[in-house]
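Novice: What follows is run_10.txt, made up of compact mmCIF, C-alpha atoms:
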```txt
# COMPACT_ATOMS: atom_id res chain seq x y z
CA MET A 1 -14.03 1.96 40.59
CA MET A 2 -11.67 -0.65 39.14
CA LYS A 3 -11.45 -3.99 40.90
CA HIS A 4 -8.19 -5.93 41.18
CA ILE A 5 -8.72 -9.69 41.52
CA ASN A 6 -5.69 -11.93 42.04
CA ASN A 7 -7.18 -15.42 42.24
CA ILE A 8 -9.38 -17.66 40.12
CA THR A 9 -12.08 -18.19 42.75
CA GLY A 10 -12.60 -14.46 43.21
CA MET A 11 -12.65 -13.91 39.45
CA LYS A 12 -15.27 -16.61 38.90
CA GLU A 13 -17.46 -15.05 41.60
CA GLU A 14 -17.25 -11.69 39.80
CA ILE A 15 -18.11 -13.32 36.46
CA ALA A 16 -21.15 -15.06 37.95
CA GLN A 17 -22.48 -11.71 39.16
CA LEU A 18 -21.89 -10.06 35.78
CA LYS A 19 -23.61 -12.89 33.94
CA ALA A 20 -26.58 -12.72 36.31
CA ALA A 21 -26.84 -8.98 35.59
CA LYS A 22 -26.79 -9.71 31.81
CA LYS A 23 -23.63 -7.64 31.30
CA THR A 24 -21.58 -8.12 28.14
CA ILE A 25 -17.92 -8.87 28.90
CA GLY A 26 -14.93 -7.78 26.84
CA PHE A 27 -11.59 -9.42 27.59
CA VAL A 28 -8.08 -8.06 26.98
CA PRO A 29 -5.45 -10.71 27.79
CA THR A 30 -1.94 -9.31 28.39
CA MET A 31 1.39 -10.19 29.95
CA GLY A 32 1.61 -6.71 31.46
CA SER A 33 4.21 -4.00 30.93
CA LEU A 34 1.38 -2.13 29.26
CA HIS A 35 1.92 0.24 26.35
CA GLU A 36 -0.27 2.11 23.87
CA GLY A 37 -0.89 -1.06 21.88
CA HIS A 38 -2.61 -2.68 24.87
CA LEU A 39 -4.53 0.49 25.59
CA GLN A 40 -5.90 0.58 22.04
CA LEU A 41 -7.40 -2.84 22.72
CA VAL A 42 -9.00 -1.44 25.87
CA GLU A 43 -10.33 1.59 24.01
CA LYS A 44 -12.00 -0.62 21.42
CA ALA A 45 -13.48 -2.81 24.15
CA THR A 46 -14.95 0.14 26.06
CA GLN A 47 -16.84 1.09 22.88
CA GLN A 48 -18.40 -2.34 22.44
CA VAL A 49 -19.15 -3.99 25.80
CA ASP A 50 -20.51 -3.24 29.27
CA VAL A 51 -17.54 -4.50 31.29
CA VAL A 52 -13.87 -4.62 30.27
CA ILE A 53 -11.70 -7.21 32.01
CA MET A 54 -7.93 -7.31 31.55
CA SER A 55 -5.69 -10.16 32.60
CA ILE A 56 -2.02 -9.62 33.45
CA PHE A 57 -0.17 -12.92 33.53
CA VAL A 58 3.30 -13.81 32.25
CA ASN A 59 2.57 -17.33 31.06
CA PRO A 60 5.49 -19.71 31.66
CA LEU A 61 4.09 -22.31 29.25
CA GLN A 62 4.81 -20.15 26.21
CA PHE A 63 8.47 -19.53 27.02
CA GLY A 64 11.04 -22.06 25.86
CA GLU A 65 14.44 -22.91 27.28
CA ASN A 66 16.83 -19.94 27.25
CA GLU A 67 14.01 -17.52 26.41
CA ASP A 68 13.29 -14.34 28.34
CA PHE A 69 10.74 -15.48 30.94
CA ASP A 70 12.84 -14.33 33.92
CA THR A 71 13.74 -11.01 32.32
CA TYR A 72 10.37 -10.28 30.74
CA PRO A 73 9.48 -6.71 31.87
CA ARG A 74 7.08 -6.55 34.80
CA ASP A 75 5.62 -3.40 36.40
CA LEU A 76 2.31 -4.28 38.02
CA ALA A 77 1.84 -1.00 39.91
CA ASN A 78 2.15 1.04 36.71
CA ASP A 79 -0.02 -1.44 34.80
CA LEU A 80 -2.84 -1.15 37.33
CA GLN A 81 -2.67 2.64 37.18
CA LEU A 82 -2.82 2.67 33.37
CA ALA A 83 -5.67 0.17 33.32
CA LYS A 84 -7.66 2.30 35.75
CA GLN A 85 -7.00 5.50 33.79
CA HIS A 86 -8.20 3.94 30.54
CA GLY A 87 -11.48 2.48 31.72
CA VAL A 88 -10.72 -1.14 32.60
CA HIS A 89 -13.34 -2.34 35.09
CA GLN A 90 -11.56 -5.41 36.45
CA VAL A 91 -7.94 -6.60 36.34
CA PHE A 92 -7.20 -10.27 36.88
CA THR A 93 -3.64 -11.07 38.03
CA PRO A 94 -3.38 -14.78 38.88
CA THR A 95 -0.12 -16.43 39.89
CA ALA A 96 1.48 -19.32 38.05
CA ASP A 97 0.62 -21.57 41.02
CA ASP A 98 -3.03 -20.52 40.71
CA MET A 99 -3.15 -21.10 36.95
CA TYR A 100 -1.09 -24.30 37.05
CA PRO A 101 -1.50 -25.84 40.51
CA ASN A 102 -0.49 -29.25 39.18
CA THR A 103 1.28 -30.61 36.14
CA MET A 104 -1.21 -30.31 33.28
CA SER A 105 -2.71 -33.69 32.35
CA VAL A 106 -4.35 -32.20 29.25
CA THR A 107 -2.80 -29.40 27.20
CA MET A 108 -3.57 -27.81 23.86
CA ASN A 109 -1.56 -28.99 20.87
CA VAL A 110 -1.76 -26.66 17.88
CA GLN A 111 -1.81 -28.80 14.74
CA ARG A 112 -1.98 -26.12 12.06
CA GLY A 113 -0.15 -22.83 11.78
CA ALA A 114 2.34 -23.49 14.60
CA ASP A 115 5.27 -24.89 12.63
CA ILE A 116 6.01 -21.68 10.71
CA LEU A 117 6.83 -18.07 11.61
CA CYS A 118 7.54 -17.88 15.35
CA GLY A 119 6.54 -21.50 15.82
CA SER A 120 9.38 -22.80 13.65
CA SER A 121 12.04 -21.48 16.04
CA ARG A 122 9.97 -21.67 19.25
CA PRO A 123 8.65 -25.25 19.46
CA GLY A 124 5.76 -25.55 21.90
CA HIS A 125 5.25 -21.78 22.09
CA PHE A 126 1.78 -21.75 20.57
CA ASP A 127 0.75 -24.84 22.53
CA GLY A 128 1.45 -22.73 25.62
CA VAL A 129 -0.42 -19.74 24.18
CA ALA A 130 -3.46 -21.83 23.26
CA THR A 131 -3.48 -23.55 26.66
CA VAL A 132 -3.43 -20.34 28.68
CA VAL A 133 -5.97 -18.59 26.43
CA MET A 134 -8.33 -21.56 26.73
CA LYS A 135 -7.96 -21.47 30.52
CA LEU A 136 -8.55 -17.70 30.61
CA PHE A 137 -11.59 -17.97 28.35
CA ASN A 138 -13.06 -20.58 30.69
CA ILE A 139 -12.43 -18.37 33.74
CA ILE A 140 -13.56 -15.03 32.24
CA GLU A 141 -16.28 -16.33 29.88
CA PRO A 142 -16.00 -13.26 27.64
CA ASP A 143 -18.42 -12.33 24.91
CA VAL A 144 -15.61 -10.60 22.99
CA ALA A 145 -11.81 -10.88 23.24
CA TYR A 146 -9.34 -8.39 21.79
CA PHE A 147 -5.92 -9.22 20.32
CA GLY A 148 -3.31 -7.08 18.59
CA MET A 149 -2.32 -7.87 15.02
CA LYS A 150 1.37 -7.38 15.81
CA ASP A 151 1.28 -11.10 16.58
CA ALA A 152 -0.88 -12.03 13.61
CA GLN A 153 0.07 -15.71 13.92
CA GLN A 154 -1.37 -15.76 17.43
CA VAL A 155 -4.58 -14.12 16.18
CA ALA A 156 -4.95 -16.71 13.43
CA ILE A 157 -4.37 -19.64 15.81
CA ILE A 158 -6.75 -18.32 18.47
CA LYS A 159 -9.47 -17.69 15.88
CA GLN A 160 -9.08 -21.26 14.65
CA MET A 161 -9.15 -22.63 18.21
CA VAL A 162 -12.41 -20.75 18.86
CA ALA A 163 -13.91 -22.25 15.71
CA ASP A 164 -12.63 -25.77 16.36
CA TYR A 165 -13.98 -25.88 19.93
CA HIS A 166 -17.20 -23.95 19.22
CA LEU A 167 -16.34 -21.35 21.85
CA ASN A 168 -18.94 -18.64 22.35
CA VAL A 169 -16.53 -15.71 22.04
CA THR A 170 -15.93 -13.25 19.22
CA ILE A 171 -12.27 -12.49 18.45
CA VAL A 172 -11.61 -8.87 17.46
CA PRO A 173 -8.17 -8.17 15.91
CA ILE A 174 -6.81 -4.65 16.38
CA PRO A 175 -4.23 -3.13 13.99
CA THR A 176 -0.63 -2.88 15.21
CA VAL A 177 0.09 0.33 17.11
CA ARG A 178 3.43 1.92 16.20
CA GLU A 179 5.88 4.47 17.49
CA GLU A 180 6.29 7.64 15.42
CA ASP A 181 9.24 6.05 13.57
CA GLY A 182 7.23 2.95 12.70
CA LEU A 183 8.55 0.49 15.27
CA ALA A 184 5.76 -1.78 16.47
CA MET A 185 4.99 -1.14 20.13
CA SER A 186 6.04 -4.06 22.30
CA SER A 187 6.77 -4.68 25.96
CA ARG A 188 10.11 -6.11 24.81
CA ASN A 189 11.26 -2.82 23.24
CA VAL A 190 12.62 -1.73 26.63
CA ASN A 191 15.28 -4.44 26.27
CA LEU A 192 16.79 -2.79 23.17
CA SER A 193 20.03 -0.88 23.56
CA HIS A 194 20.15 2.70 22.30
CA MET A 195 21.82 1.66 19.06
CA GLU A 196 19.42 -1.25 18.55
CA ARG A 197 16.47 1.08 19.11
CA GLN A 198 17.84 3.40 16.44
CA GLU A 199 18.12 0.53 13.98
CA ALA A 200 14.89 -1.38 14.69
CA PRO A 201 12.48 0.90 12.73
CA HIS A 202 14.09 -0.44 9.54
CA ILE A 203 12.16 -3.68 10.12
CA TYR A 204 8.77 -2.10 9.45
CA LYS A 205 10.19 0.27 6.83
CA THR A 206 11.40 -2.73 4.82
CA LEU A 207 8.13 -4.65 5.16
CA ALA A 208 6.12 -1.59 4.11
CA GLU A 209 8.34 -1.04 1.07
CA ALA A 210 7.98 -4.69 0.09
CA LYS A 211 4.20 -4.46 0.37
CA SER A 212 4.16 -1.36 -1.85
CA LYS A 213 6.37 -3.03 -4.43
CA ALA A 214 4.27 -6.21 -4.37
CA LEU A 215 1.04 -4.31 -4.91
CA GLN A 216 2.68 -2.58 -7.88
CA GLY A 217 3.58 -5.95 -9.40
CA HIS A 218 7.32 -5.60 -8.79
CA PHE A 219 7.77 -9.28 -7.79
CA LYS A 220 6.90 -12.18 -10.07
CA THR A 221 7.09 -14.92 -7.40
CA VAL A 222 6.77 -15.38 -3.65
CA ALA A 223 10.42 -16.43 -3.48
CA GLN A 224 11.47 -13.21 -5.20
CA LEU A 225 9.49 -11.14 -2.67
CA GLU A 226 10.96 -12.96 0.32
CA GLU A 227 14.49 -12.75 -1.09
CA TRP A 228 14.15 -8.97 -1.58
CA VAL A 229 13.07 -8.54 2.05
CA ASN A 230 15.88 -10.79 3.29
CA HIS A 231 18.53 -8.98 1.24
CA THR A 232 17.24 -5.52 2.19
CA LEU A 233 17.00 -6.28 5.90
CA LYS A 234 20.51 -7.70 5.98
CA LYS A 235 21.80 -4.49 4.37
CA ARG A 236 19.95 -2.28 6.84
CA LEU A 237 20.40 -4.24 10.06
CA VAL A 238 23.88 -4.25 11.54
CA LEU A 239 22.98 -5.36 15.07
CA GLY A 240 19.87 -7.44 14.40
CA LYS A 241 19.88 -10.97 12.99
CA VAL A 242 16.95 -12.03 10.81
CA ASP A 243 15.21 -15.14 12.17
CA TYR A 244 12.67 -15.66 9.39
CA ILE A 245 10.80 -14.01 6.52
CA TYR A 246 7.55 -15.52 5.29
CA PHE A 247 4.85 -14.54 2.83
CA LEU A 248 1.70 -16.54 3.63
CA LYS A 249 -2.02 -16.63 3.05
CA PHE A 250 -3.94 -15.09 5.96
CA PRO A 251 -5.50 -16.29 8.17
CA SER A 252 -4.82 -19.87 7.00
CA LEU A 253 -1.02 -19.33 7.26
CA THR A 254 -0.44 -21.60 4.28
CA ARG A 255 2.08 -21.12 1.48
CA PRO A 256 0.57 -19.44 -1.60
CA SER A 257 1.65 -20.20 -5.14
CA THR A 258 1.27 -16.58 -6.21
CA ILE A 259 1.30 -13.09 -4.67
CA ALA A 260 -2.47 -12.70 -4.56
CA GLY A 261 -5.39 -12.72 -2.15
CA SER A 262 -5.37 -12.02 1.59
CA ALA A 263 -1.78 -12.30 2.76
CA ILE A 264 0.73 -11.57 5.48
CA LEU A 265 4.40 -10.70 5.12
CA ALA A 266 6.08 -11.35 8.45
CA THR A 267 9.53 -11.33 9.97
CA ALA A 268 11.34 -11.78 13.28
CA VAL A 269 14.66 -10.20 14.21
CA HIS A 270 16.94 -11.19 17.10
CA TYR A 271 18.79 -8.55 19.08
CA GLU A 272 21.15 -9.17 21.98
CA LYS A 273 18.52 -9.26 24.73
CA THR A 274 15.24 -9.54 22.87
CA ARG A 275 13.47 -10.69 19.74
CA LEU A 276 11.15 -8.45 17.72
CA ILE A 277 8.34 -9.55 15.42
CA ASP A 278 6.46 -7.48 12.87
CA ASN A 279 4.23 -7.94 9.84
CA VAL A 280 2.14 -6.24 7.20
CA THR A 281 -1.08 -7.67 5.81
CA TRP A 282 -3.00 -6.89 2.64
CA GLU A 283 -5.46 -8.06 0.07
CA GLN A 284 -4.69 -8.06 -3.63
```
Can you give me the file's structure in the form of structure tokens?
Specialist:
Amino acid sequence: MMKHINNITGMKEEIAQLKAAKKTIGFVPTMGSLHEGHLQLVEKATQQVDVVIMSIFVNPLQFGENEDFDTYPRDLANDLQLAKQHGVHQVFTPTADDMYPNTMSVTMNVQRGADILCGSSRPGHFDGVATVVMKLFNIIEPDVAYFGMKDAQQVAIIKQMVADYHLNVTIVPIPTVREEDGLAMSSRNVNLSHMERQEAPHIYKTLAEAKSKALQGHFKTVAQLEEWVNHTLKKRLVLGKVDYIYFLKFPSLTRPSTIAGSAILATAVHYEKTRLIDNVTWEQ
């Protein structure tokens, strides 16, 4: 039977009992509005640990001014049903007042990897992500935590935070789950208009083509690769506006001098009511 815990005190009591029973804990942090991408994280967790705990919390610290915090999709009843159906043992749904009862006197400040990709146009976003993940790790005390590679920058930053603070948790990245037409699954996809939804699959199609061309030696420089993606996206996207295109080393998120080694090609596209991110990674 799945337990639903909505406060930190109750969650800590549950964790103490699990630790006393020597149970391994897998953690799936989410902001709700669950889709198949989240459920793939759960499926992986059920294969590896004794107890799967999911958090559902729309974290205000990672939303900037004029971003979509108020309109971010929320459907707790459906989320709880999906979590139960897919083998989640406990769902933690704290409130913002519970997570942030007072103004934070100490917050996380991401020094590396936060000033590019999404961080370049969303200042403070990854500080908010790192802060809430650190708080959740301290509440849940997981042995393993599962994150989707759709937000590869987040994965890289969280992995570095775990290393920097010697946290006793293993981070398991899970490949991006996609719709049949290639669009990366995201809670924000519901905010696309019909025409935007028809257009959006071109984002992944373009990244995948660029990866194929790069692996075949089509591009001589990083700038040439990025320019091809930029030009191709602008031809294919009528409604979406390209925010950024970056080719970076992964997971260091540093600029390479050549198209070689472990890498990520990432982009973000703005639509009227939402912003989509996507990426492809590879080794060469």
Novice: Which residue out of A:Val144, A:Gln48, A:Leu248, A:Thr206 has the minimum interatomic distance to Lys235 (chain A) when all atoms listed in the file are used?
Specialist: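 Nearest candidate to Lys235 (chain A) out of A:Val144, A:Gln48, A:Leu248, A:Thr206: A:Thr206.
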Novice: Using all atoms listed in the file, which of A:Leu239, A:Ile56, A:Met161, A:Leu233 sits nearest Met108 (chain A)?
Specialist: A:Met161
Novice: I'd like the neighbourhood of Asn7 (chain A) as a list in words, where a residue qualifies if any of its atoms comes within 9 Å (using all atoms listed in the file), though same-chain residues fewer than 4 positions away should be ignored.
Specialist: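 In the requested form, the answer reads Met11, Lys12, Phe92, Thr93, Pro94, Thr95, Asp98 and Met99 of chain A.
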Novice: May I have the residues within 10 Å of Ser257 (chain A) as a ChimeraX atom specification, using all atoms listed in the file and disregarding those fewer than 3 positions away in the same chain?
Specialist: /A:221-223,248-249,254,260
Novice: Report, as AutoDock Vina command-line options, the centre and edge lengths in Å (one decimal) of the axis-aligned box enclosing every listed atom of region 154-173 of chain A, padded by 6 Å on each side.
Specialist:
```
--center_x -10.2 --center_y -17.0 --center_z 17.9 --size_x 29.6 --size_y 29.7 --size_z 20.9
```
Novice: CA of Gln62 (chain A) and CA of His194 (chain A), how far apart in Å?
Specialist: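 Separation of CA of His194 (chain A) and CA of Gln62 (chain A): 27.8 Å.
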Novice: Which residue gives the smallest distance to Lys22 (chain A) among A:Asp143, A:Asp164, A:Asp127, A:Glu283, with all atoms listed in the file counted?
Specialist: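 Smallest distance to Lys22 (chain A) is found for A:Asp143.
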Novice: Nearest to Ala96 (chain A) among A:Gln111, A:Asn78, A:Asn6, A:Asn59, with distances taken over only C-alpha atoms: which residue is it?
Specialist: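 Of A:Gln111, A:Asn78, A:Asn6, A:Asn59, the one nearest Ala96 (chain A) is A:Asn59, counting only C-alpha atoms.
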